[in-house]
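Quick look at upload-v1.pdb (PDB, C-alpha atoms):
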```pdb
ATOM      1  CA  MET A  63     -75.073-143.202 -72.520  1.00  0.00           C
ATOM      2  CA  ASN A  64     -75.440-146.670 -71.001  1.00  0.00           C
ATOM      3  CA  ALA A  65     -72.081-147.839 -72.358  1.00  0.00           C
ATOM      4  CA  VAL A  66     -70.300-145.302 -70.154  1.00  0.00           C
ATOM      5  CA  LEU A  67     -72.211-146.464 -67.097  1.00  0.00           C
ATOM      6  CA  GLU A  68     -71.446-150.098 -67.884  1.00  0.00           C
ATOM      7  CA  ASP A  69     -67.707-149.553 -68.460  1.00  0.00           C
ATOM      8  CA  TYR A  70     -66.190-146.246 -69.489  1.00  0.00           C
ATOM      9  CA  ARG A  71     -63.030-148.065 -70.589  1.00  0.00           C
ATOM     10  CA  THR A  72     -64.818-149.770 -73.499  1.00  0.00           C
ATOM     11  CA  ALA A  73     -67.470-147.095 -74.139  1.00  0.00           C
ATOM     12  CA  PRO A  74     -67.399-145.198 -77.435  1.00  0.00           C
ATOM     13  CA  ILE A  75     -66.056-141.985 -75.904  1.00  0.00           C
ATOM     14  CA  SER A  76     -62.875-140.020 -76.451  1.00  0.00           C
ATOM     15  CA  GLY A  77     -59.559-140.926 -74.889  1.00  0.00           C
ATOM     16  CA  LYS A  78     -59.734-137.547 -73.162  1.00  0.00           C
ATOM     17  CA  ASP A  79     -62.990-138.504 -71.443  1.00  0.00           C
ATOM     18  CA  LYS A  80     -61.670-141.954 -70.534  1.00  0.00           C
ATOM     19  CA  ALA A  81     -58.670-140.316 -68.866  1.00  0.00           C
ATOM     20  CA  LEU A  82     -60.974-138.095 -66.826  1.00  0.00           C
ATOM     21  CA  PHE A  83     -63.190-141.001 -65.781  1.00  0.00           C
ATOM     22  CA  ALA A  84     -60.126-143.008 -64.743  1.00  0.00           C
ATOM     23  CA  LEU A  85     -59.011-140.202 -62.437  1.00  0.00           C
ATOM     24  CA  LEU A  86     -62.528-139.706 -61.080  1.00  0.00           C
ATOM     25  CA  GLU A  87     -62.945-143.425 -60.448  1.00  0.00           C
ATOM     26  CA  LYS A  88     -59.741-143.403 -58.438  1.00  0.00           C
ATOM     27  CA  ALA A  89     -60.821-140.238 -56.598  1.00  0.00           C
ATOM     28  CA  VAL A  90     -64.132-141.817 -55.596  1.00  0.00           C
ATOM     29  CA  LYS A  91     -62.917-145.337 -54.789  1.00  0.00           C
ATOM     30  CA  GLU A  92     -59.284-144.916 -53.662  1.00  0.00           C
ATOM     31  CA  SER A  93     -58.532-141.220 -53.247  1.00  0.00           C
ATOM     32  CA  TRP A  94     -55.571-141.936 -50.967  1.00  0.00           C
ATOM     33  CA  THR A  95     -53.772-143.665 -53.857  1.00  0.00           C
ATOM     34  CA  ILE A  96     -53.842-140.732 -56.299  1.00  0.00           C
ATOM     35  CA  ARG A  97     -50.359-139.719 -57.355  1.00  0.00           C
ATOM     36  CA  GLN A  98     -48.998-136.982 -59.587  1.00  0.00           C
ATOM     37  CA  GLU A  99     -48.806-139.402 -62.499  1.00  0.00           C
ATOM     38  CA  ASP A 100     -52.597-139.918 -62.284  1.00  0.00           C
ATOM     39  CA  VAL A 101     -53.165-136.187 -62.608  1.00  0.00           C
ATOM     40  CA  ASP A 102     -50.503-135.916 -65.321  1.00  0.00           C
ATOM     41  CA  ALA A 103     -52.264-138.606 -67.386  1.00  0.00           C
ATOM     42  CA  ALA A 104     -55.500-136.594 -67.345  1.00  0.00           C
ATOM     43  CA  LYS A 105     -53.617-133.386 -68.165  1.00  0.00           C
ATOM     44  CA  THR A 106     -51.756-135.075 -71.032  1.00  0.00           C
ATOM     45  CA  ALA A 107     -55.159-136.137 -72.392  1.00  0.00           C
ATOM     46  CA  GLY A 108     -56.160-132.478 -72.526  1.00  0.00           C
ATOM     47  CA  TRP A 109     -57.725-131.564 -69.180  1.00  0.00           C
ATOM     48  CA  THR A 110     -56.682-128.390 -67.368  1.00  0.00           C
ATOM     49  CA  ASP A 111     -55.956-128.112 -63.665  1.00  0.00           C
ATOM     50  CA  GLU A 112     -59.151-126.082 -63.249  1.00  0.00           C
ATOM     51  CA  ALA A 113     -61.309-128.642 -65.080  1.00  0.00           C
ATOM     52  CA  LEU A 114     -59.843-131.487 -63.002  1.00  0.00           C
ATOM     53  CA  TYR A 115     -60.402-129.548 -59.778  1.00  0.00           C
ATOM     54  CA  ASP A 116     -64.031-128.895 -60.750  1.00  0.00           C
ATOM     55  CA  ALA A 117     -64.686-132.506 -61.792  1.00  0.00           C
ATOM     56  CA  ILE A 118     -63.148-133.939 -58.627  1.00  0.00           C
ATOM     57  CA  SER A 119     -65.068-131.432 -56.485  1.00  0.00           C
ATOM     58  CA  VAL A 120     -68.415-132.288 -58.082  1.00  0.00           C
ATOM     59  CA  CYS A 121     -67.866-136.053 -57.834  1.00  0.00           C
ATOM     60  CA  SER A 122     -66.654-135.795 -54.251  1.00  0.00           C
ATOM     61  CA  LEU A 123     -69.647-133.709 -53.206  1.00  0.00           C
ATOM     62  CA  PHE A 124     -72.083-136.126 -54.846  1.00  0.00           C
ATOM     63  CA  LYS A 125     -70.358-139.010 -53.086  1.00  0.00           C
ATOM     64  CA  PHE A 126     -70.733-137.154 -49.794  1.00  0.00           C
ATOM     65  CA  TYR A 127     -74.391-136.361 -50.412  1.00  0.00           C
ATOM     66  CA  ASN A 128     -75.212-139.926 -51.463  1.00  0.00           C
ATOM     67  CA  THR A 129     -73.449-141.321 -48.387  1.00  0.00           C
ATOM     68  CA  TRP A 130     -75.233-138.823 -46.143  1.00  0.00           C
ATOM     69  CA  ILE A 131     -78.627-139.619 -47.682  1.00  0.00           C
ATOM     70  CA  ASP A 132     -78.063-143.374 -47.364  1.00  0.00           C
ATOM     71  CA  ALA A 133     -76.875-143.097 -43.754  1.00  0.00           C
ATOM     72  CA  THR A 134     -79.575-140.718 -42.519  1.00  0.00           C
ATOM     73  CA  GLY A 135     -82.541-142.139 -44.379  1.00  0.00           C
ATOM     74  CA  VAL A 136     -83.387-138.814 -45.993  1.00  0.00           C
ATOM     75  CA  HIS A 137     -85.851-139.360 -48.812  1.00  0.00           C
ATOM     76  CA  ASP A 138     -85.830-137.823 -52.249  1.00  0.00           C
ATOM     77  CA  LEU A 139     -88.401-135.171 -53.121  1.00  0.00           C
ATOM     78  CA  PRO A 140     -91.425-136.203 -55.183  1.00  0.00           C
ATOM     79  CA  ALA A 141     -91.271-135.455 -58.933  1.00  0.00           C
ATOM     80  CA  ALA A 142     -93.899-132.719 -58.536  1.00  0.00           C
ATOM     81  CA  ALA A 143     -91.589-130.798 -56.177  1.00  0.00           C
ATOM     82  CA  TYR A 144     -88.738-130.900 -58.710  1.00  0.00           C
ATOM     83  CA  SER A 145     -91.119-129.720 -61.414  1.00  0.00           C
ATOM     84  CA  MET A 146     -92.274-126.802 -59.282  1.00  0.00           C
ATOM     85  CA  MET A 147     -88.695-125.844 -58.356  1.00  0.00           C
ATOM     86  CA  SER A 148     -87.505-126.016 -61.973  1.00  0.00           C
ATOM     87  CA  LYS A 149     -90.283-123.668 -63.102  1.00  0.00           C
ATOM     88  CA  ARG A 150     -89.467-121.207 -60.329  1.00  0.00           C
ATOM     89  CA  MET A 151     -85.732-121.348 -61.057  1.00  0.00           C
ATOM     90  CA  ALA A 152     -86.328-120.890 -64.815  1.00  0.00           C
ATOM     91  CA  LYS A 153     -88.385-117.790 -64.031  1.00  0.00           C
ATOM     92  CA  ASP A 154     -86.482-116.309 -61.063  1.00  0.00           C
ATOM     93  CA  GLY A 155     -83.073-118.010 -61.040  1.00  0.00           C
ATOM     94  CA  TYR A 156     -81.543-119.056 -57.736  1.00  0.00           C
ATOM     95  CA  ALA A 157     -82.733-115.944 -55.908  1.00  0.00           C
ATOM     96  CA  PRO A 158     -84.531-116.796 -52.696  1.00  0.00           C
ATOM     97  CA  MET A 159     -88.282-116.414 -52.679  1.00  0.00           C
ATOM     98  CA  GLU A 160     -89.790-113.602 -50.667  1.00  0.00           C
ATOM     99  CA  PRO A 161     -91.146-114.859 -47.349  1.00  0.00           C
ATOM    100  CA  ALA A 162     -94.921-115.214 -47.222  1.00  0.00           C
ATOM    101  CA  LYS A 163     -96.668-112.464 -45.334  1.00  0.00           C
TER     102      LYS A 163
END
```
Please go through the file and, once you have read it, give me the structure as structure tokens.
Amino acid sequence: MNAVLEDYRTAPISGKDKALFALLEKAVKESWTIRQEDVDAAKTAGWTDEALYDAISVCSLFKFYNTWIDATGVHDLPAAAYSMMSKRMAKDGYAPMEPAK
């Protein structure tokens, strides 16, 4: 939804989601300023400790990966590679492929 990307505060989403995005924005931009009241606001909106932990973990890892990619010059895979991987994962799951003999 483009409205969320433009400004989650005015996007047509639930107050619960806005509370989560507010915490995640702070975690990504100013993590050192997060206080208990920030977490409490998200919990009051309906998020559990586990859900907040998962959301912060995912956002933090993506921030790390994006920073690492930008800094090292690693390039994205071509679309054909993603297509091939998605077909393999749909068929075999995340199990590693057998080495070629």
I need the residue set behind the PyMOL selection byres ((chain A and resi 64-78) around 9) for this file; please write it as a list in words. Met63, Asp79, Lys80, Ala81, Leu82, Phe83, Ala84, Ala104, Lys105, Thr106, Ala107, Gly108 and Trp109 of chain A
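Reported to one decimal place, the separation of CA of Val90 in chain A from CA of Lys125 in chain A is 7.3 Å.
Here CA of Ala141 in chain A stands at a distance of 21.5 Å from CA of Thr129 in chain A.
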Counting only C-alpha atoms, which of A:Ser119, A:Asn128, A:Ser148, A:Thr110 gets nearest to Leu86 in chain A? A:Ser119
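Picture a line from CA of Thr95 in chain A to CA of Ser122 in chain A; it runs 15.1 Å.
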